[in-house]
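See below for query26.cif, which holds mmCIF, C-alpha atoms and all ligand atoms.
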data_input
loop_
_atom_site.group_PDB
_atom_site.id
_atom_site.type_symbol
_atom_site.label_atom_id
_atom_site.label_comp_id
_atom_site.auth_asym_id
_atom_site.auth_seq_id
_atom_site.Cartn_x
_atom_site.Cartn_y
_atom_site.Cartn_z
ATOM 1 C CA MET A 240 70.248 67.858 76.706
ATOM 2 C CA LYS A 241 71.923 67.596 73.305
ATOM 3 C CA VAL A 242 69.851 68.181 70.187
ATOM 4 C CA PHE A 243 70.778 68.129 66.495
ATOM 5 C CA ILE A 244 68.342 69.699 63.995
ATOM 6 C CA THR A 245 68.423 69.906 60.186
ATOM 7 C CA GLY A 246 66.423 72.528 58.305
ATOM 8 C CA ALA A 247 67.183 75.006 61.084
ATOM 9 C CA SER A 248 67.591 78.167 59.004
ATOM 10 C CA SER A 249 63.847 78.908 58.848
ATOM 11 C CA GLY A 250 60.305 77.787 59.623
ATOM 12 C CA ILE A 251 59.730 74.705 61.743
ATOM 13 C CA GLY A 252 63.415 73.803 62.225
ATOM 14 C CA GLU A 253 64.279 77.296 63.471
ATOM 15 C CA ALA A 254 61.225 77.297 65.765
ATOM 16 C CA LEU A 255 62.245 73.888 67.159
ATOM 17 C CA ALA A 256 65.755 75.157 67.935
ATOM 18 C CA ILE A 257 64.297 78.143 69.814
ATOM 19 C CA GLU A 258 61.804 75.929 71.667
ATOM 20 C CA TYR A 259 64.590 73.591 72.837
ATOM 21 C CA ALA A 260 66.741 76.587 73.810
ATOM 22 C CA LYS A 261 63.858 78.020 75.899
ATOM 23 C CA ARG A 262 63.292 74.695 77.656
ATOM 24 C CA TYR A 263 66.971 74.101 78.417
ATOM 25 C CA LYS A 264 68.256 77.687 78.811
ATOM 26 C CA ASN A 265 71.125 78.283 81.224
ATOM 27 C CA THR A 266 71.938 74.552 81.341
ATOM 28 C CA ASP A 267 74.898 72.619 79.983
ATOM 29 C CA SER A 268 72.867 71.822 76.848
ATOM 30 C CA ALA A 269 74.051 71.976 73.247
ATOM 31 C CA ILE A 270 72.259 72.309 69.931
ATOM 32 C CA GLY A 271 73.658 71.489 66.476
ATOM 33 C CA LEU A 272 72.056 73.252 63.510
ATOM 34 C CA ILE A 273 72.118 72.351 59.816
ATOM 35 C CA ALA A 274 70.910 74.107 56.671
ATOM 36 C CA ARG A 275 72.509 75.541 53.531
ATOM 37 C CA ARG A 276 72.115 79.272 54.306
ATOM 38 C CA SER A 277 75.044 80.064 56.531
ATOM 39 C CA GLU A 278 74.016 83.634 57.433
ATOM 40 C CA HIS A 279 70.626 82.452 58.773
ATOM 41 C CA LEU A 280 72.334 79.808 60.902
ATOM 42 C CA GLN A 281 74.829 82.353 62.259
ATOM 43 C CA LYS A 282 71.992 84.663 63.313
ATOM 44 C CA LEU A 283 70.165 81.842 65.080
ATOM 45 C CA GLN A 284 73.377 80.641 66.735
ATOM 46 C CA SER A 285 73.950 84.128 68.138
ATOM 47 C CA THR A 286 70.355 84.290 69.504
ATOM 48 C CA LEU A 287 70.651 80.878 71.159
ATOM 49 C CA GLN A 288 74.013 81.725 72.707
ATOM 50 C CA THR A 289 73.240 85.246 73.910
ATOM 51 C CA THR A 290 69.529 85.067 74.805
ATOM 52 C CA TYR A 291 69.341 81.488 76.080
ATOM 53 C CA LYS A 292 72.992 80.899 77.107
ATOM 54 C CA ILE A 293 73.076 77.589 75.333
ATOM 55 C CA LYS A 294 75.965 76.035 73.393
ATOM 56 C CA CYS A 295 75.340 75.987 69.669
ATOM 57 C CA ALA A 296 77.317 74.563 66.727
ATOM 58 C CA ILE A 297 76.354 75.336 63.139
ATOM 59 C CA TYR A 298 77.147 73.361 59.993
ATOM 60 C CA PRO A 299 76.121 75.015 56.718
ATOM 61 C CA LEU A 300 75.663 72.085 54.320
ATOM 62 C CA ASP A 301 73.289 70.324 51.955
ATOM 63 C CA VAL A 302 71.557 67.214 53.375
ATOM 64 C CA ARG A 303 72.072 65.534 49.993
ATOM 65 C CA ASP A 304 75.789 65.390 50.876
ATOM 66 C CA ASN A 305 76.124 62.374 53.180
ATOM 67 C CA ALA A 306 79.883 62.859 53.663
ATOM 68 C CA ALA A 307 79.344 66.451 54.834
ATOM 69 C CA LEU A 308 76.639 65.302 57.250
ATOM 70 C CA ALA A 309 78.876 62.538 58.601
ATOM 71 C CA ALA A 310 81.659 65.090 59.201
ATOM 72 C CA ALA A 311 79.240 67.479 60.951
ATOM 73 C CA ALA A 312 77.890 64.662 63.136
ATOM 74 C CA ALA A 313 81.432 63.582 64.077
ATOM 75 C CA ASP A 314 82.408 67.157 64.954
ATOM 76 C CA PHE A 315 79.271 67.708 67.048
ATOM 77 C CA MET A 316 79.777 64.434 68.941
ATOM 78 C CA GLN A 317 83.447 65.202 69.563
ATOM 79 C CA GLN A 318 82.597 68.635 71.000
ATOM 80 C CA HIS A 319 79.365 67.922 72.864
ATOM 81 C CA GLY A 320 78.778 64.148 72.979
ATOM 82 C CA THR A 321 76.070 62.002 71.410
ATOM 83 C CA PRO A 322 72.797 63.860 70.871
ATOM 84 C CA ASN A 323 69.725 62.758 72.815
ATOM 85 C CA VAL A 324 67.481 63.923 69.973
ATOM 86 C CA VAL A 325 68.187 64.202 66.231
ATOM 87 C CA VAL A 326 65.435 65.958 64.270
ATOM 88 C CA ALA A 327 65.520 65.590 60.467
ATOM 89 C CA CYS A 328 63.411 68.567 59.438
ATOM 90 C CA ALA A 329 65.100 69.802 56.232
ATOM 91 C CA GLY A 330 62.691 69.604 53.331
ATOM 92 C CA VAL A 331 61.487 71.275 50.168
ATOM 93 C CA SER A 332 58.105 71.538 48.507
ATOM 94 C CA ARG A 333 57.342 72.706 44.980
ATOM 95 C CA GLY A 334 54.608 71.880 42.500
ATOM 96 C CA THR A 335 55.608 69.255 39.924
ATOM 97 C CA LEU A 336 53.887 67.812 36.858
ATOM 98 C CA THR A 337 55.166 64.627 35.238
ATOM 99 C CA GLU A 338 54.382 65.851 31.687
ATOM 100 C CA HIS A 339 57.086 68.564 31.866
ATOM 101 C CA VAL A 340 60.616 67.364 31.168
ATOM 102 C CA GLU A 341 62.030 70.293 33.144
ATOM 103 C CA ASP A 342 60.273 68.958 36.265
ATOM 104 C CA ILE A 343 62.381 65.794 36.291
ATOM 105 C CA ALA A 344 65.188 67.633 38.087
ATOM 106 C CA ALA A 345 62.680 68.887 40.660
ATOM 107 C CA PHE A 346 61.357 65.343 41.229
ATOM 108 C CA GLN A 347 64.924 64.174 41.789
ATOM 109 C CA ALA A 348 65.818 67.027 44.165
ATOM 110 C CA ILE A 349 62.637 66.641 46.235
ATOM 111 C CA MET A 350 63.170 62.885 46.624
ATOM 112 C CA ASP A 351 66.867 63.336 47.442
ATOM 113 C CA ILE A 352 66.295 66.064 50.046
ATOM 114 C CA ASN A 353 63.065 64.805 51.639
ATOM 115 C CA VAL A 354 63.888 61.088 51.667
ATOM 116 C CA MET A 355 67.645 60.514 51.368
ATOM 117 C CA GLY A 356 68.176 63.565 53.589
ATOM 118 C CA LEU A 357 66.567 61.608 56.452
ATOM 119 C CA VAL A 358 68.885 58.641 55.932
ATOM 120 C CA HIS A 359 71.968 60.887 55.658
ATOM 121 C CA THR A 360 70.954 62.683 58.876
ATOM 122 C CA PHE A 361 70.333 59.634 61.052
ATOM 123 C CA GLN A 362 73.004 57.223 59.790
ATOM 124 C CA PRO A 363 76.093 58.830 61.402
ATOM 125 C CA PHE A 364 74.489 58.890 64.859
ATOM 126 C CA ILE A 365 73.061 55.380 65.213
ATOM 127 C CA ALA A 366 76.161 53.493 66.408
ATOM 128 C CA ALA A 367 76.964 56.207 68.975
ATOM 129 C CA MET A 368 73.320 56.361 70.117
ATOM 130 C CA ARG A 369 73.318 52.608 70.631
ATOM 131 C CA ARG A 370 76.356 52.925 72.939
ATOM 132 C CA ALA A 371 74.812 55.938 74.713
ATOM 133 C CA VAL A 372 71.618 53.984 75.440
ATOM 134 C CA GLN A 373 73.698 51.128 76.894
ATOM 135 C CA ASN A 374 75.208 53.741 79.241
ATOM 136 C CA GLY A 375 71.755 54.838 80.403
ATOM 137 C CA GLU A 376 71.234 57.840 78.099
ATOM 138 C CA VAL A 377 68.070 58.607 76.147
ATOM 139 C CA ALA A 378 68.295 58.590 72.331
ATOM 140 C CA GLN A 379 65.607 59.554 69.847
ATOM 141 C CA LEU A 380 65.397 60.030 66.078
ATOM 142 C CA VAL A 381 62.642 62.324 64.790
ATOM 143 C CA GLY A 382 61.544 62.685 61.153
ATOM 144 C CA ILE A 383 59.293 65.462 59.867
ATOM 145 C CA ALA A 384 56.941 63.935 57.286
ATOM 146 C CA SER A 385 53.626 65.523 56.194
ATOM 147 C CA VAL A 386 49.900 64.899 55.904
ATOM 148 C CA ALA A 387 50.630 65.257 52.158
ATOM 149 C CA GLY A 388 52.252 61.808 52.355
ATOM 150 C CA ILE A 389 49.026 60.076 53.351
ATOM 151 C CA ARG A 390 47.345 60.353 49.919
ATOM 152 C CA GLY A 391 48.633 61.601 46.561
ATOM 153 C CA LEU A 392 47.892 65.307 46.085
ATOM 154 C CA PRO A 393 47.478 66.563 42.488
ATOM 155 C CA GLY A 394 50.226 68.906 41.310
ATOM 156 C CA ALA A 395 52.483 67.703 44.120
ATOM 157 C CA GLY A 396 53.441 64.219 42.935
ATOM 158 C CA ALA A 397 57.066 64.600 44.003
ATOM 159 C CA TYR A 398 56.255 66.065 47.422
ATOM 160 C CA SER A 399 53.471 63.586 48.216
ATOM 161 C CA ALA A 400 55.626 60.661 47.068
ATOM 162 C CA SER A 401 58.594 61.900 49.106
ATOM 163 C CA LYS A 402 56.528 62.263 52.266
ATOM 164 C CA ALA A 403 54.808 58.867 51.736
ATOM 165 C CA ALA A 404 58.308 57.380 51.428
ATOM 166 C CA ALA A 405 59.378 59.266 54.554
ATOM 167 C CA ILE A 406 56.423 57.868 56.549
ATOM 168 C CA SER A 407 57.186 54.273 55.486
ATOM 169 C CA TYR A 408 60.938 54.664 55.955
ATOM 170 C CA LEU A 409 60.464 56.079 59.473
ATOM 171 C CA GLU A 410 58.119 53.218 60.350
ATOM 172 C CA SER A 411 60.728 50.647 59.264
ATOM 173 C CA LEU A 412 63.382 52.498 61.239
ATOM 174 C CA ARG A 413 61.152 52.649 64.328
ATOM 175 C CA VAL A 414 60.863 48.867 64.472
ATOM 176 C CA GLU A 415 64.571 48.370 63.701
ATOM 177 C CA MET A 416 65.678 50.813 66.394
ATOM 178 C CA ALA A 417 63.270 49.481 69.059
ATOM 179 C CA ARG A 418 65.648 46.539 69.593
ATOM 180 C CA ASP A 419 68.253 49.048 70.825
ATOM 181 C CA ASN A 420 65.808 51.217 72.787
ATOM 182 C CA ILE A 421 66.317 54.117 70.388
ATOM 183 C CA THR A 422 62.943 55.820 69.948
ATOM 184 C CA VAL A 423 61.788 56.908 66.480
ATOM 185 C CA THR A 424 59.084 59.571 66.207
ATOM 186 C CA THR A 425 57.303 60.525 62.998
ATOM 187 C CA ILE A 426 55.663 63.956 62.972
ATOM 188 C CA ALA A 427 53.240 64.642 60.117
ATOM 189 C CA PRO A 428 52.392 68.355 60.164
ATOM 190 C CA GLY A 429 49.275 69.773 58.572
ATOM 191 C CA TYR A 430 49.609 73.433 57.584
ATOM 192 C CA ILE A 431 52.210 75.416 59.562
ATOM 193 C CA ARG A 432 52.892 79.115 58.819
ATOM 194 C CA THR A 433 56.465 79.154 57.401
ATOM 195 C CA PRO A 434 58.181 80.365 54.211
ATOM 196 C CA MET A 435 57.111 77.026 52.676
ATOM 197 C CA THR A 436 53.408 77.826 53.065
ATOM 198 C CA ASP A 437 53.666 81.640 52.741
ATOM 199 C CA VAL A 438 53.736 81.153 48.950
ATOM 200 C CA ASN A 439 50.430 79.240 48.885
ATOM 201 C CA HIS A 440 47.549 81.337 47.577
ATOM 202 C CA TYR A 441 44.793 79.011 48.714
ATOM 203 C CA LYS A 442 42.968 78.442 51.970
ATOM 204 C CA MET A 443 44.965 76.320 54.408
ATOM 205 C CA PRO A 444 42.695 74.744 57.041
ATOM 206 C CA PHE A 445 43.861 74.797 60.677
ATOM 207 C CA LEU A 446 46.976 76.851 59.759
ATOM 208 C CA MET A 447 49.185 77.045 62.863
ATOM 209 C CA ASN A 448 52.031 79.433 63.724
ATOM 210 C CA ALA A 449 55.495 77.850 63.747
ATOM 211 C CA ASP A 450 56.258 78.716 67.395
ATOM 212 C CA VAL A 451 52.990 77.140 68.573
ATOM 213 C CA ALA A 452 53.674 74.088 66.395
ATOM 214 C CA ALA A 453 57.224 73.762 67.759
ATOM 215 C CA THR A 454 55.923 73.596 71.348
ATOM 216 C CA LYS A 455 53.529 70.821 70.341
ATOM 217 C CA PHE A 456 56.243 69.002 68.353
ATOM 218 C CA VAL A 457 58.670 69.017 71.303
ATOM 219 C CA ASN A 458 55.885 67.852 73.663
ATOM 220 C CA ALA A 459 55.209 64.944 71.273
ATOM 221 C CA ILE A 460 58.937 64.161 71.106
ATOM 222 C CA GLU A 461 59.281 64.224 74.901
ATOM 223 C CA HIS A 462 56.243 61.914 75.194
ATOM 224 C CA LYS A 463 58.004 59.553 72.753
ATOM 225 C CA ARG A 464 55.016 59.480 70.395
ATOM 226 C CA ARG A 465 55.440 56.999 67.538
ATOM 227 C CA PHE A 466 53.380 58.884 64.944
ATOM 228 C CA VAL A 467 51.617 62.167 65.451
ATOM 229 C CA VAL A 468 49.726 64.606 63.233
ATOM 230 C CA ILE A 469 49.843 68.284 64.316
ATOM 231 C CA PRO A 470 47.532 70.209 64.526
ATOM 232 C CA TRP A 471 45.244 67.572 66.044
ATOM 233 C CA GLN A 472 42.294 68.595 63.815
ATOM 234 C CA MET A 473 44.410 67.517 60.837
ATOM 235 C CA GLY A 474 44.874 64.180 62.575
ATOM 236 C CA TRP A 475 41.178 63.493 62.111
ATOM 237 C CA VAL A 476 41.348 64.655 58.488
ATOM 238 C CA ALA A 477 44.327 62.311 57.973
ATOM 239 C CA ARG A 478 42.447 59.349 59.498
ATOM 240 C CA PHE A 479 39.526 60.049 57.169
ATOM 241 C CA MET A 480 41.816 60.492 54.123
ATOM 242 C CA ARG A 481 43.282 57.012 54.605
ATOM 243 C CA PHE A 482 39.890 55.350 54.161
ATOM 244 C CA VAL A 483 38.393 57.378 51.297
ATOM 245 C CA PRO A 484 37.974 55.006 48.321
ATOM 246 C CA PRO A 485 39.961 56.007 45.180
ATOM 247 C CA ILE A 486 36.818 56.942 43.223
ATOM 248 C CA LEU A 487 35.771 59.453 45.905
ATOM 249 C CA TRP A 488 39.336 60.713 46.332
ATOM 250 C CA ASP A 489 39.580 61.446 42.577
ATOM 251 C CA PHE A 490 36.295 63.353 42.682
ATOM 252 C CA ALA A 491 37.276 65.372 45.774
ATOM 253 C CA MET A 492 40.713 66.240 44.357
ATOM 254 C CA LYS A 493 39.461 67.291 40.879
ATOM 255 C CA LYS A 494 39.297 70.962 41.838
ATOM 256 C CA ALA A 495 41.886 70.944 44.632
ATOM 257 C CA PRO A 496 44.296 73.922 44.588
ATOM 258 C CA GLN A 497 47.784 73.084 43.378
ATOM 259 C CA LYS A 498 51.211 74.242 44.543
ATOM 260 C CA SER A 499 53.055 76.564 42.147
ATOM 261 C CA ARG A 500 55.721 75.099 39.816
ATOM 262 C CA ALA A 501 57.647 78.401 39.930
ATOM 263 C CA ASN A 502 60.898 79.123 41.829
ATOM 264 C CA TRP A 503 63.607 76.724 40.801
ATOM 265 C CA ASP A 504 66.511 78.538 42.456
ATOM 266 C CA TRP A 505 66.586 76.039 45.364
ATOM 267 C CA LEU A 506 67.725 73.122 43.194
HETATM 268 N N1 LIG A 601 55.031 74.284 56.719
HETATM 269 C C1 LIG A 601 54.168 73.279 56.594
HETATM 270 O O1 LIG A 601 52.947 73.496 56.537
HETATM 271 C C2 LIG A 601 54.645 71.863 56.521
HETATM 272 C C3 LIG A 601 53.680 70.860 56.459
HETATM 273 C C4 LIG A 601 54.081 69.534 56.411
HETATM 274 C C5 LIG A 601 55.420 69.220 56.442
HETATM 275 N N2 LIG A 601 56.346 70.213 56.497
HETATM 276 C C6 LIG A 601 57.760 69.813 56.515
HETATM 277 O O2 LIG A 601 58.429 70.478 57.556
HETATM 278 C C7 LIG A 601 59.800 70.627 57.214
HETATM 279 C C8 LIG A 601 60.210 72.080 57.413
HETATM 280 O O3 LIG A 601 59.481 72.870 56.507
HETATM 281 P P1 LIG A 601 59.142 74.412 56.780
HETATM 282 O O4 LIG A 601 57.712 74.579 56.582
HETATM 283 O O5 LIG A 601 59.781 74.858 58.011
HETATM 284 O O6 LIG A 601 59.835 75.059 55.489
HETATM 285 P P2 LIG A 601 60.982 76.139 55.333
HETATM 286 O O7 LIG A 601 60.766 77.299 56.202
HETATM 287 O O8 LIG A 601 61.128 76.331 53.869
HETATM 288 O O9 LIG A 601 62.257 75.367 55.907
HETATM 289 C C9 LIG A 601 62.893 74.342 55.210
HETATM 290 C C10 LIG A 601 64.240 74.133 55.854
HETATM 291 O O10 LIG A 601 64.896 73.048 55.198
HETATM 292 C C11 LIG A 601 66.205 73.469 54.826
HETATM 293 N N3 LIG A 601 66.629 72.783 53.625
HETATM 294 C C12 LIG A 601 65.964 72.668 52.451
HETATM 295 N N4 LIG A 601 66.705 71.991 51.562
HETATM 296 C C13 LIG A 601 67.859 71.660 52.199
HETATM 297 C C14 LIG A 601 69.023 70.969 51.808
HETATM 298 N N5 LIG A 601 69.151 70.462 50.570
HETATM 299 N N6 LIG A 601 70.012 70.820 52.705
HETATM 300 C C15 LIG A 601 69.905 71.345 53.955
HETATM 301 N N7 LIG A 601 68.823 71.999 54.383
HETATM 302 C C16 LIG A 601 67.821 72.156 53.513
HETATM 303 C C17 LIG A 601 66.051 74.980 54.585
HETATM 304 O O11 LIG A 601 67.294 75.627 54.741
HETATM 305 P P3 LIG A 601 68.239 76.175 53.553
HETATM 306 O O12 LIG A 601 67.362 76.636 52.453
HETATM 307 O O13 LIG A 601 69.027 77.244 54.232
HETATM 308 O O14 LIG A 601 69.077 75.000 53.183
HETATM 309 C C18 LIG A 601 65.134 75.350 55.727
HETATM 310 O O15 LIG A 601 65.872 75.522 56.910
HETATM 311 C C19 LIG A 601 59.933 70.142 55.774
HETATM 312 O O16 LIG A 601 60.409 68.803 55.772
HETATM 313 C C20 LIG A 601 58.512 70.196 55.263
HETATM 314 O O17 LIG A 601 58.299 69.300 54.203
HETATM 315 C C21 LIG A 601 55.993 71.525 56.535
#
Rewritten as structure tokens:
Amino acid sequence: MKVFITGASSGIGEALAIEYAKRYKNTDSAIGLIARRSEHLQKLQSTLQTTYKIKCAIYPLDVRDNAALAAAAADFMQQHGTPNVVVACAGVSRGTLTEHVEDIAAFQAIMDINVMGLVHTFQPFIAAMRRAVQNGEVAQLVGIASVAGIRGLPGAGAYSASKAAAISYLESLRVEMARDNITVTTIAPGYIRTPMTDVNHYKMPFLMNADVAATKFVNAIEHKRRFVVIPWQMGWVARFMRFVPPILWDFAMKKAPQKSRANWDWL
């Protein structure tokens, strides 16, 4: 098994890397990890290699840099072959309000990382995956979206818009890739306990630990699900959200808690 994961330095991406390493420990498997924080990747690489005896390559880079991603993909494929699964998990979430000029940079960064980051991650692998499938291998692209992309959440215009774009983009890609038997899976998480949600000071329904979520994510990937919401309770909330008329949505969201606009160091 060969797996390539972005956003692997913390939270869901890190938990996914560990889950894959557990499932494929002591085999000739390889995992490629991407994020900006090199020291976090090095620590995870050492855990995967020593505890799970799995090959691991790390590439500290920014998913906004498509040339860097292409170089990382080429290096991984040269060393280990074409990945069976590529998971685009890197993402950022911060509160944004359109009325503040200083939030324009945050809007741009969130769209670039959460949307263009998916394109930059998948693009370098598609031609090789197509050839791998012709040779009988399994190839799958996985995008981590969010329930926040189903309806617009107040105070999170950039994040909601980025995840709505991610959901639509992944759906287009799924149909395009079906011709080549490359599976595309969209995972829309509800609330998962990670550094991204640790800063939220409001109640998060059905909050799930990252290791538990990672097991469910990998099960969904292995079952080649097209679109899945995890935890499942959020799936029912998401189905309901889709059909709430705008007038009721506006009323329900009037007093909804909003994500903080603080912390700009990640730009
Ligand atoms: N936690 C939730 O409840 C939840 C719910 C719905 C969707 N999601 C989505 O799940 C994904 C993972 O989030 P998480 O909760 O695990 O958050 P997290 O712990 O903050 O992890 C985010 C990961 O993305 C990486 N990243 C961010 N910007 C990057 C960039 N420009 N280039 C490369 N890597 C970048 C971070 O690494 P570096 O900072 O080292 O670059 C980190 O590894 C995100 O797409 C998020 O939107 C999470």
For stretch 495-498 of chain A, I'd like the enclosing box, axis-aligned and padded by 5 Å on every side, reported as AutoDock Vina command-line options with centre and edge lengths in Å to one decimal.
--center_x 46.5 --center_y 72.6 --center_z 44.0 --size_x 19.3 --size_y 13.3 --size_z 11.3
Neighbours of point (71.6, 56.5, 70.7) within 8 Å, using only C-alpha atoms, written as a ChimeraX atom specification: /A:321-323,364-372,376-379,421
Ligand LIG 601 (chain A) neighbours within 6 Å using all atoms listed in the file, as an MDAnalysis selection string: chainID A and resid 246:252 274:276 300:303 328:331 352 383:385 428:436
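Once the PyMOL selection byres (((chain A and resi 498) around 10) and not hetatm) is applied to this file, the selection holds Ser332, Arg333, Gly334, Thr335, Leu392, Pro393, Gly394, Ala395, Thr436, Val438, Asn439, His440, Tyr441, Ala495, Pro496, Gln497, Ser499, Arg500 and Ala501 of chain A.
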Tell me which protein, DNA and RNA residues are within 8 Å of A:Thr425, counting only C-alpha atoms, leaving out same-chain ones fewer than 5 positions away, and put them as a CSV table (one decimal) with C-alpha atoms, keeping the file's coordinate frame.
chain,number,residue,atom,x,y,z
A,381,VAL,CA,62.6,62.3,64.8
A,382,GLY,CA,61.5,62.7,61.2
A,383,ILE,CA,59.3,65.5,59.9
A,384,ALA,CA,56.9,63.9,57.3
A,406,ILE,CA,56.4,57.9,56.5
A,409,LEU,CA,60.5,56.1,59.5
A,410,GLU,CA,58.1,53.2,60.4
A,464,ARG,CA,55.0,59.5,70.4
A,465,ARG,CA,55.4,57.0,67.5
A,466,PHE,CA,53.4,58.9,64.9
A,467,VAL,CA,51.6,62.2,65.5
